[in-house]
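To be precise, the following lines are upload.txt, and they hold compact mmCIF, C-alpha atoms.
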```txt
# COMPACT_ATOMS: atom_id res chain seq x y z
CA PRO A 24 -0.82 25.84 -33.32
CA PRO A 25 1.92 26.68 -35.88
CA PRO A 26 1.83 25.26 -39.43
CA PRO A 27 3.30 21.78 -39.93
CA GLY A 28 7.07 21.54 -40.03
CA PRO A 29 9.28 19.13 -41.97
CA ALA A 30 8.03 15.67 -42.81
CA ALA A 31 7.71 13.48 -39.75
CA PRO A 32 9.48 10.13 -39.38
CA PRO A 33 7.46 6.95 -40.01
CA PRO A 34 4.65 6.66 -37.44
CA ALA A 35 5.23 4.58 -34.36
CA ALA A 36 2.99 1.66 -33.60
CA ALA A 37 -0.27 2.49 -31.87
CA PRO A 38 -0.53 1.76 -28.14
CA ALA A 39 -1.31 -1.91 -27.79
CA ALA A 40 -4.70 -3.03 -26.55
CA SER A 41 -4.82 -5.34 -23.58
CA SER A 42 -5.98 -8.91 -24.06
CA SER A 43 -8.86 -8.02 -21.75
CA GLY A 44 -10.67 -4.86 -20.74
CA ARG A 45 -10.08 -2.69 -17.70
CA ALA A 46 -13.00 -1.88 -15.43
CA TRP A 47 -11.04 0.05 -12.81
CA THR A 48 -9.98 3.69 -13.06
CA VAL A 49 -7.20 5.94 -11.77
CA SER A 50 -7.92 9.58 -10.97
CA LEU A 51 -5.32 12.24 -10.33
CA ALA A 52 -5.90 15.44 -8.33
CA LEU A 53 -3.51 18.38 -8.08
CA PRO A 54 -3.71 22.13 -7.35
CA GLY A 55 -4.00 24.47 -10.30
CA SER A 56 -1.89 27.01 -8.43
CA ILE A 57 1.30 25.20 -9.44
CA VAL A 58 1.25 27.05 -12.77
CA ASP A 59 1.24 30.43 -11.02
CA ASN A 60 4.91 29.96 -10.11
CA ALA A 61 5.84 29.89 -13.80
CA GLN A 62 7.01 33.29 -15.01
CA THR A 63 5.95 33.20 -18.67
CA GLN A 64 3.12 31.87 -20.79
CA GLU A 65 5.51 29.42 -22.40
CA LEU A 66 6.61 27.99 -19.05
CA ARG A 67 3.03 27.77 -17.76
CA SER A 68 2.01 25.88 -20.89
CA HIS A 69 5.05 23.59 -20.72
CA LEU A 70 4.19 22.65 -17.14
CA VAL A 71 0.65 21.66 -18.12
CA GLY A 72 2.07 19.70 -21.04
CA GLN A 73 4.21 17.72 -18.59
CA VAL A 74 1.14 16.92 -16.49
CA ALA A 75 -0.77 15.75 -19.57
CA ARG A 76 2.12 13.58 -20.76
CA ALA A 77 2.51 11.95 -17.33
CA ALA A 78 -1.23 11.25 -17.12
CA THR A 79 -1.19 9.65 -20.57
CA ILE A 80 1.93 7.57 -20.02
CA PHE A 81 0.49 6.10 -16.80
CA ASN A 82 -3.09 5.62 -18.01
CA VAL A 83 -4.81 8.19 -15.80
CA ASP A 84 -8.53 8.32 -16.55
CA GLU A 85 -9.49 11.56 -14.78
CA ILE A 86 -7.62 14.70 -13.78
CA VAL A 87 -9.12 16.90 -11.07
CA VAL A 88 -7.71 20.42 -10.80
CA PHE A 89 -8.57 21.89 -7.41
CA SER A 90 -8.20 25.41 -6.05
CA SER A 91 -6.04 25.69 -2.96
CA ASP A 92 -7.17 28.37 -0.50
CA GLY A 93 -4.37 30.67 0.46
CA ALA A 94 -2.55 30.27 -2.84
CA SER A 95 -0.98 33.35 -4.33
CA PRO A 96 -3.48 35.14 -6.59
CA ALA A 97 -2.74 35.16 -10.28
CA ALA A 98 -1.50 38.37 -11.87
CA PRO A 99 -4.35 40.55 -13.18
CA GLN A 100 -3.47 39.86 -16.82
CA ARG A 101 -3.36 36.09 -16.24
CA THR A 102 -6.11 33.49 -16.20
CA ASP A 103 -6.60 31.78 -12.84
CA GLY A 104 -4.17 28.88 -12.56
CA SER A 105 -6.85 26.19 -12.19
CA VAL A 106 -8.84 27.44 -15.18
CA PHE A 107 -5.68 27.76 -17.28
CA MET A 108 -4.58 24.23 -16.45
CA ALA A 109 -8.02 22.72 -17.09
CA ARG A 110 -8.35 24.49 -20.45
CA LEU A 111 -4.97 23.29 -21.70
CA LEU A 112 -5.52 19.75 -20.43
CA GLN A 113 -8.83 19.53 -22.28
CA TYR A 114 -7.18 20.87 -25.43
CA LEU A 115 -4.28 18.42 -25.27
CA GLU A 116 -6.57 15.46 -24.60
CA CYS A 117 -8.63 16.23 -27.71
CA PRO A 118 -7.44 14.57 -30.96
CA GLN A 119 -5.64 17.03 -33.21
CA TYR A 120 -8.12 16.66 -36.07
CA LEU A 121 -10.99 17.89 -33.83
CA ARG A 122 -9.32 20.76 -32.00
CA LYS A 123 -10.03 23.54 -34.48
CA ALA A 124 -13.75 22.72 -34.51
CA ILE A 125 -14.09 22.33 -30.72
CA PHE A 126 -11.81 25.00 -29.28
CA PRO A 127 -12.19 28.65 -30.29
CA MET A 128 -9.11 30.84 -30.32
CA HIS A 129 -8.14 31.89 -26.79
CA PRO A 130 -5.10 33.68 -25.32
CA ASP A 131 -4.45 30.74 -22.97
CA LEU A 132 -3.83 28.49 -25.99
CA ARG A 133 -1.20 30.74 -27.55
CA CYS A 134 1.73 28.42 -26.79
CA VAL A 135 0.15 24.97 -27.20
CA GLY A 136 1.98 24.49 -30.50
CA LEU A 137 5.22 24.19 -28.50
CA LEU A 138 3.99 21.21 -26.46
CA ALA A 139 4.80 17.57 -27.12
CA PRO A 140 1.83 15.58 -28.47
CA LEU A 141 0.27 12.96 -26.21
CA ASP A 142 0.29 10.33 -28.98
CA ALA A 143 -2.46 8.48 -27.13
CA ALA A 144 -4.68 5.66 -28.36
CA ASN A 145 -7.57 8.10 -28.88
CA HIS A 146 -5.37 10.20 -31.20
CA PRO A 147 -5.23 7.80 -34.18
CA ARG A 148 -3.50 8.65 -37.42
CA ALA A 149 -5.45 8.89 -40.67
CA THR A 150 -3.78 5.72 -42.02
CA GLU A 151 -4.29 3.70 -38.85
CA GLN A 152 -6.76 0.84 -38.64
CA CYS A 153 -8.39 0.91 -35.22
CA ALA A 154 -11.53 -0.36 -33.54
CA TYR A 155 -12.55 3.01 -32.09
CA ARG A 156 -12.17 6.67 -33.00
CA GLU A 157 -13.12 10.00 -31.52
CA GLY A 158 -15.41 12.04 -33.71
CA LEU A 159 -17.46 15.20 -34.05
CA ILE A 160 -20.93 15.27 -35.56
CA SER A 161 -20.65 17.39 -38.69
CA GLU A 162 -22.79 20.29 -39.86
CA LYS A 163 -23.81 18.36 -42.97
CA GLY A 164 -27.19 16.72 -43.08
CA GLY A 165 -25.86 13.17 -42.99
CA SER A 166 -27.43 10.31 -44.90
CA LYS A 167 -31.01 10.15 -46.10
CA ASP A 168 -31.89 7.39 -43.62
CA GLY A 169 -31.74 9.80 -40.68
CA ARG A 170 -28.15 9.12 -39.62
CA SER A 171 -25.62 11.82 -38.85
CA GLY A 172 -22.17 12.12 -40.35
CA ALA A 173 -19.08 12.38 -38.15
CA ILE A 174 -15.54 13.68 -38.62
CA VAL A 175 -13.25 10.95 -37.27
CA GLY A 176 -9.84 11.87 -38.68
CA LEU A 177 -10.25 9.95 -41.97
CA PRO A 178 -10.28 11.41 -45.48
CA LYS A 179 -14.06 11.03 -45.54
CA GLU A 180 -16.72 11.41 -42.89
CA VAL A 181 -18.37 8.27 -41.56
CA SER A 182 -22.07 7.70 -41.00
CA VAL A 183 -23.09 6.94 -37.41
CA ASP A 184 -26.02 4.85 -36.24
CA ARG A 185 -28.18 7.72 -34.98
CA ARG A 186 -29.10 11.36 -35.46
CA LEU A 187 -27.24 13.72 -33.13
CA PRO A 188 -26.88 17.51 -32.92
CA ALA A 189 -24.04 19.00 -34.96
CA GLY A 190 -20.96 19.75 -32.87
CA THR A 191 -21.44 16.80 -30.50
CA ARG A 192 -18.20 14.98 -29.65
CA VAL A 193 -18.65 11.22 -29.79
CA THR A 194 -16.71 7.99 -29.40
CA VAL A 195 -17.51 5.59 -32.21
CA ARG A 196 -16.87 1.92 -32.80
CA MET A 197 -15.79 1.59 -36.40
CA PRO A 198 -17.84 -0.73 -38.64
CA SER A 199 -16.50 -4.19 -39.36
CA ARG A 200 -18.02 -4.32 -42.88
CA PRO A 201 -18.25 -1.71 -45.64
CA GLY A 202 -21.55 0.10 -45.79
CA GLU A 203 -22.33 -0.30 -42.11
CA PRO A 204 -22.59 2.79 -39.89
CA ALA A 205 -20.19 3.43 -37.03
CA ALA A 206 -21.77 2.83 -33.61
CA VAL A 207 -21.80 5.66 -31.06
CA VAL A 208 -20.61 4.18 -27.75
CA PRO A 209 -19.78 5.47 -24.25
CA PRO A 210 -16.22 6.88 -23.99
CA ARG A 211 -15.41 4.21 -21.42
CA GLU A 212 -16.03 1.31 -23.82
CA PRO A 213 -12.52 1.23 -25.39
CA ARG A 214 -11.08 0.90 -21.88
CA GLU A 215 -13.63 -1.60 -20.61
CA LYS A 216 -13.62 -3.80 -23.73
CA LEU A 217 -10.00 -3.60 -24.96
CA GLY A 218 -8.07 -2.08 -22.06
CA LEU A 219 -7.15 0.99 -24.13
CA HIS A 220 -6.29 4.24 -22.41
CA TRP A 221 -8.91 6.45 -24.05
CA GLY A 222 -7.82 9.89 -22.89
CA PHE A 223 -8.77 11.53 -19.61
CA SER A 224 -11.66 13.63 -18.41
CA VAL A 225 -10.91 16.98 -16.73
CA ARG A 226 -12.92 18.65 -14.00
CA LEU A 227 -12.46 21.63 -11.72
CA ALA A 228 -12.99 21.43 -7.96
CA LYS A 229 -13.43 24.56 -5.85
CA ASP A 230 -11.40 23.09 -2.99
CA LEU A 231 -9.84 19.85 -1.74
CA PRO A 232 -13.03 18.37 -0.16
CA SER A 233 -14.87 18.89 -3.45
CA VAL A 234 -12.47 16.46 -5.10
CA TRP A 235 -14.36 13.71 -3.23
CA SER A 236 -17.86 15.20 -2.99
CA GLU A 237 -18.15 15.80 -6.76
CA CYS A 238 -16.76 12.43 -7.81
CA PRO A 239 -18.46 11.31 -11.06
CA PHE A 240 -18.25 7.59 -10.27
CA GLY A 241 -21.11 5.80 -8.55
CA GLY A 242 -20.08 5.01 -4.99
CA GLY A 243 -17.21 7.50 -5.12
CA TYR A 244 -13.51 6.71 -4.88
CA ASP A 245 -13.09 3.52 -2.89
CA LEU A 246 -9.36 4.09 -2.34
CA SER A 247 -7.64 7.45 -1.85
CA LEU A 248 -3.91 8.00 -1.65
CA GLY A 249 -2.22 11.21 -0.52
CA THR A 250 1.39 11.98 -1.42
CA SER A 251 3.81 13.91 0.76
CA ASP A 252 7.43 13.87 1.92
CA LYS A 253 5.89 13.55 5.40
CA GLY A 254 4.07 10.37 4.46
CA ASP A 255 5.08 6.76 5.10
CA SER A 256 8.55 6.18 3.67
CA ASP A 257 8.84 2.47 4.53
CA TRP A 258 6.35 1.15 2.00
CA LEU A 259 9.04 0.63 -0.64
CA GLN A 260 11.15 -1.51 1.67
CA GLY A 261 10.76 -5.23 1.09
CA GLU A 262 8.13 -6.93 -1.01
CA GLY A 263 5.21 -6.99 1.41
CA PHE A 264 3.46 -3.79 0.31
CA ARG A 265 0.19 -4.19 -1.57
CA LEU A 266 -2.49 -1.67 -2.38
CA PRO A 267 -5.99 -2.72 -1.29
CA ALA A 268 -8.23 -3.84 -4.13
CA PHE A 269 -10.14 -0.93 -5.65
CA LYS A 270 -12.48 0.04 -8.45
CA HIS A 271 -11.82 3.80 -8.49
CA LEU A 272 -8.46 5.01 -7.18
CA LEU A 273 -7.75 8.66 -6.35
CA ILE A 274 -4.14 9.89 -6.07
CA VAL A 275 -3.73 13.43 -4.72
CA PHE A 276 -0.59 15.55 -5.15
CA GLY A 277 0.14 18.89 -3.51
CA GLY A 278 2.07 21.93 -4.65
CA VAL A 279 5.72 22.70 -4.03
CA GLU A 280 5.07 22.93 -0.28
CA GLY A 281 2.99 19.75 -0.23
CA LEU A 282 -0.58 18.99 0.77
CA GLU A 283 -0.30 20.16 4.38
CA PRO A 284 -0.56 23.93 3.58
CA VAL A 285 -3.63 23.23 1.44
CA VAL A 286 -5.38 21.57 4.38
CA GLU A 287 -4.26 24.23 6.87
CA ALA A 288 -5.59 27.00 4.60
CA HIS A 289 -9.06 25.42 4.30
CA PRO A 290 -11.36 27.01 6.94
CA GLU A 291 -13.48 23.94 7.72
CA LEU A 292 -10.64 21.44 7.75
CA ALA A 293 -8.49 23.74 9.88
CA ALA A 294 -11.37 24.49 12.29
CA HIS A 295 -11.84 20.78 12.98
CA GLY A 296 -8.11 20.23 13.42
CA ILE A 297 -8.04 17.49 10.80
CA GLU A 298 -4.62 16.05 10.11
CA THR A 299 -3.76 15.85 6.43
CA SER A 300 -3.02 12.14 6.61
CA ALA A 301 -6.51 11.48 8.06
CA LEU A 302 -8.11 12.52 4.76
CA PHE A 303 -6.66 9.53 2.92
CA ASP A 304 -6.69 5.76 3.16
CA LEU A 305 -2.94 5.83 2.51
CA TYR A 306 -0.46 8.67 2.96
CA LEU A 307 2.82 7.86 1.24
CA ASN A 308 6.18 9.42 0.49
CA LEU A 309 6.65 8.34 -3.11
CA CYS A 310 10.28 9.46 -3.30
CA PRO A 311 12.03 8.73 0.02
CA GLY A 312 15.64 9.85 0.25
CA GLN A 313 15.23 12.71 -2.20
CA GLY A 314 18.35 14.75 -2.83
CA SER A 315 16.56 18.06 -3.40
CA ARG A 316 14.72 19.94 -0.65
CA THR A 317 11.68 20.13 -2.89
CA ILE A 318 10.20 18.07 -5.70
CA ARG A 319 8.12 20.01 -8.17
CA THR A 320 4.62 18.64 -8.71
CA GLU A 321 5.24 17.80 -12.37
CA GLU A 322 8.34 15.85 -11.26
CA ALA A 323 6.46 14.14 -8.45
CA LEU A 324 3.85 12.92 -10.94
CA LEU A 325 6.40 11.00 -12.98
CA VAL A 326 8.27 9.65 -9.94
CA GLY A 327 5.14 8.73 -8.01
CA LEU A 328 3.06 7.24 -10.80
CA ALA A 329 6.02 5.14 -11.95
CA ALA A 330 6.53 3.81 -8.41
CA LEU A 331 2.84 3.03 -8.00
CA GLN A 332 2.10 1.57 -11.42
CA PRO A 333 2.82 -2.12 -10.67
CA HIS A 334 0.80 -1.88 -7.45
CA THR A 335 -2.17 -0.14 -9.10
CA ARG A 336 -2.29 -2.72 -11.89
CA ARG A 337 -2.28 -5.60 -9.43
CA ALA A 338 -4.82 -4.07 -7.05
CA GLY A 339 -7.14 -2.82 -9.78
CA ALA A 340 -7.27 -6.25 -11.37
CA SER A 341 -8.06 -7.93 -8.04
```

Go ahead and express the file in the form of structure tokens.
Amino acid sequence: PPPPGPAAPPPAAAPAASSSGRAWTVSLALPGSIVDNAQTQELRSHLVGQVARAATIFNVDEIVVFSSDGASPAAPQRTDGSVFMARLLQYLECPQYLRKAIFPMHPDLRCVGLLAPLDAANHPRATEQCAYREGLISEKGGSKDGRSGAIVGLPKEVSVDRRLPAGTRVTVRMPSRPGEPAAVVPPREPREKLGLHWGFSVRLAKDLPSVWSECPFGGGYDLSLGTSDKGDSDWLQGEGFRLPAFKHLLIVFGGVEGLEPVVEAHPELAAHGIETSALFDLYLNLCPGQGSRTIRTEEALLVGLAALQPHTRRAGAS
């Protein structure tokens, strides 16, 4: 990223914690091939930045980037679209004070300095008092009592409650009293205890079925929602629509041409004649009455997640 510019305005308030934790999760899946339509490195990077911003604004916990069979191959001098998207998403999700230590220089990251910051709860400022921070176990030996030191975005390193290998990324609960070590906790704890959106995980899937088969949550996704202009357009009419209660929600978006070409291009799905809508519990048109013939995926994310947000909050809390 480029060197710092002029002095920034006073920092905005940190994202507020909920009065209670959040046990449920929202996962987002989309094809990495959408970046292959962008003509320059700057435009490809900007598109991924829009995806990351949308996921952060609407509290998405996992982003799955899947390969779509039949997609146009990337140019020889370009990284595959799915790999490019996953790499930039992981970079943007990482707090700024850890990026240099975690991510080596790479051509795909050449334009990340142009992208808007996520300004998420897991990107705290150095002057901010917060219950949790992301950290990286430092190369230093740590304290004499066998504890490691961690870089957590403060002027000084903090001691953590265990010995860990240098270079390990950790989520820590900050000590309540001076002299106490910070506690290494699971990354899900800030969400489950305080309702904070603590970044998103990123994974690659080789195809659309792998989005489900490689789900990291025990029991899998208990509610899946496909989005398409060919989906149900009547769900927004009236006040009777409610999402079923869920613990792990999956929302799948397609490319410019939608999800149907992705399914038709998959050998096994096409051989069995599976309709795209049959893959999902719900198949919805999230923007009925659109004025443009096409809605770009990065636009559909903002439109769709905004339309679904009140329903996901109500159903997830059920």

*Surrounding residues of A:Thr335 excluding itself and chain neighbours under 4 positions, 9 Å, only C-alpha atoms, as a ChimeraX atom specification*: /A:49,265-266,268-269,272,331,339-340

_Env of A:Glu287: 10 Å cut, atoms = all atoms listed in the file, seq-sep filter 4 positions within chain, self excluded. Answer as a ChimeraX atom specification._
/A:92-93,282-283,291-294,296-299

Same residues, C-alpha atoms, output as a CSV table (one decimal), keeping the file's coordinate frame:
```
chain,number,residue,atom,x,y,z
A,92,ASP,CA,-7.2,28.4,-0.5
A,93,GLY,CA,-4.4,30.7,0.5
A,282,LEU,CA,-0.6,19.0,0.8
A,283,GLU,CA,-0.3,20.2,4.4
A,291,GLU,CA,-13.5,23.9,7.7
A,292,LEU,CA,-10.6,21.4,7.8
A,293,ALA,CA,-8.5,23.7,9.9
A,294,ALA,CA,-11.4,24.5,12.3
A,296,GLY,CA,-8.1,20.2,13.4
A,297,ILE,CA,-8.0,17.5,10.8
A,298,GLU,CA,-4.6,16.0,10.1
A,299,THR,CA,-3.8,15.8,6.4
```

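For the residues A:Val279, A:Ala301, A:Ala338, A:Val285, ranking by smallest atom-to-atom distance to A:Asp245 using only C-alpha atoms places A:Ala338 first.
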
*Record the distance separating atom CA of A:Lys229 and atom CA of A:Ser105, expressed in Å with one decimal.*
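Taking atom CA of A:Lys229 as the start and atom CA of A:Ser105 as the end point, the length is 9.3 Å.
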
*Find the residues near stretch 191-202 of chain A: any atom within 8 Å, counting all atoms listed in the file, skip ones fewer than 6 places away on the same chain, and give them as a list of chain:residue names.*
A:Cys153, A:Ala154, A:Tyr155, A:Arg156, A:Glu157, A:Gly158, A:Leu159, A:Ile160, A:Val183, A:Val208, A:Pro209, A:Pro210

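The closest residue to A:Met128, picked from A:Arg110, A:Gly241, A:Asp142, A:Gly176 and counting only C-alpha atoms, is A:Arg110.
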
Just want the 9 Å neighbourhood of stretch 87-89 of chain A, counted on all atoms listed in the file, with same-chain residues fewer than 6 positions away dropped. Output as a CSV table (one decimal) with C-alpha atoms, keeping the file's coordinate frame.
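Result went into result.csv, see below:
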```csv
chain,number,residue,atom,x,y,z
A,50,SER,CA,-7.9,9.6,-11.0
A,51,LEU,CA,-5.3,12.2,-10.3
A,52,ALA,CA,-5.9,15.4,-8.3
A,53,LEU,CA,-3.5,18.4,-8.1
A,54,PRO,CA,-3.7,22.1,-7.4
A,55,GLY,CA,-4.0,24.5,-10.3
A,56,SER,CA,-1.9,27.0,-8.4
A,105,SER,CA,-6.8,26.2,-12.2
A,106,VAL,CA,-8.8,27.4,-15.2
A,108,MET,CA,-4.6,24.2,-16.4
A,109,ALA,CA,-8.0,22.7,-17.1
A,224,SER,CA,-11.7,13.6,-18.4
A,225,VAL,CA,-10.9,17.0,-16.7
A,226,ARG,CA,-12.9,18.6,-14.0
A,227,LEU,CA,-12.5,21.6,-11.7
A,228,ALA,CA,-13.0,21.4,-8.0
A,229,LYS,CA,-13.4,24.6,-5.8
A,230,ASP,CA,-11.4,23.1,-3.0
A,231,LEU,CA,-9.8,19.8,-1.7
A,233,SER,CA,-14.9,18.9,-3.4
A,234,VAL,CA,-12.5,16.5,-5.1
```

*With a distance cut-off of 9 Å and all atoms listed in the file, select the neighbouring residues of A:Pro188, excluding the residue or stretch itself and same-chain residues fewer than 6 positions from it, and output the selection as an NGL selection string.*
:A and (160-162 or 171)

Write a file of the selected residues as a PDB file, in the frame of the given file, keeping C-alpha atoms.
```pdb
ATOM      1  CA  ILE A 160     -20.930  15.270 -35.560  1.00  0.00           C
ATOM      2  CA  SER A 161     -20.650  17.390 -38.690  1.00  0.00           C
ATOM      3  CA  GLU A 162     -22.790  20.290 -39.860  1.00  0.00           C
ATOM      4  CA  SER A 171     -25.620  11.820 -38.850  1.00  0.00           C
TER       5      SER A 171
END
```

*Record the distance separating atom CA of A:Lys216 and atom CA of A:Arg45, expressed in Å with one decimal.*
7.1 Å

*Interatomic distance, atom CA of A:Gln152 to atom CA of A:Ala189 (Å, one decimal)*: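 Atom CA of A:Ala189 lies at a distance of 25.3 Å from atom CA of A:Gln152.
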
Where is the centre and how long are the edges: axis-aligned box on stretch 205-223 of chain A, 6 Å on each side, Å to one decimal, as lines of an AutoDock Vina configuration file:
```
center_x = -14.0
center_y = 3.9
center_z = -28.3
size_x = 27.5
size_y = 27.3
size_z = 29.4
```

_Among listed residues A:Val286, A:Phe276, A:Ser247, A:Ser341, nearest A:Trp235 (using all atoms listed in the file)_ = A:Ser247

_Measuring between all atoms listed in the file, which one of A:Arg67, A:Arg186, A:Arg122, A:Lys253 shows the shortest distance to A:Lys163?_
A:Arg186

Using only C-alpha atoms - which residues lie no farther than 9 Å from the point (-8.8, 9.6, 4.1) in the file's frame? Write them as a PDB file with C-alpha atoms, in the coordinates of the input.
```
ATOM      1  CA  LEU A 246      -9.360   4.090  -2.340  1.00  0.00           C
ATOM      2  CA  SER A 247      -7.640   7.450  -1.850  1.00  0.00           C
ATOM      3  CA  LEU A 248      -3.910   8.000  -1.650  1.00  0.00           C
ATOM      4  CA  GLY A 249      -2.220  11.210  -0.520  1.00  0.00           C
ATOM      5  CA  THR A 299      -3.760  15.850   6.430  1.00  0.00           C
ATOM      6  CA  SER A 300      -3.020  12.140   6.610  1.00  0.00           C
ATOM      7  CA  ALA A 301      -6.510  11.480   8.060  1.00  0.00           C
ATOM      8  CA  LEU A 302      -8.110  12.520   4.760  1.00  0.00           C
ATOM      9  CA  PHE A 303      -6.660   9.530   2.920  1.00  0.00           C
ATOM     10  CA  ASP A 304      -6.690   5.760   3.160  1.00  0.00           C
ATOM     11  CA  LEU A 305      -2.940   5.830   2.510  1.00  0.00           C
ATOM     12  CA  TYR A 306      -0.460   8.670   2.960  1.00  0.00           C
TER      13      TYR A 306
END
```

*A:Gly314, A:Glu85, A:Asn60, A:Leu70: which is nearest A:Tyr244, counting all atoms listed in the file?*
A:Glu85

*Using only C-alpha atoms, which of the listed residues (A:Phe264, A:Trp258, A:Phe81, A:Tyr114) sits closest to A:Leu132?*
A:Tyr114
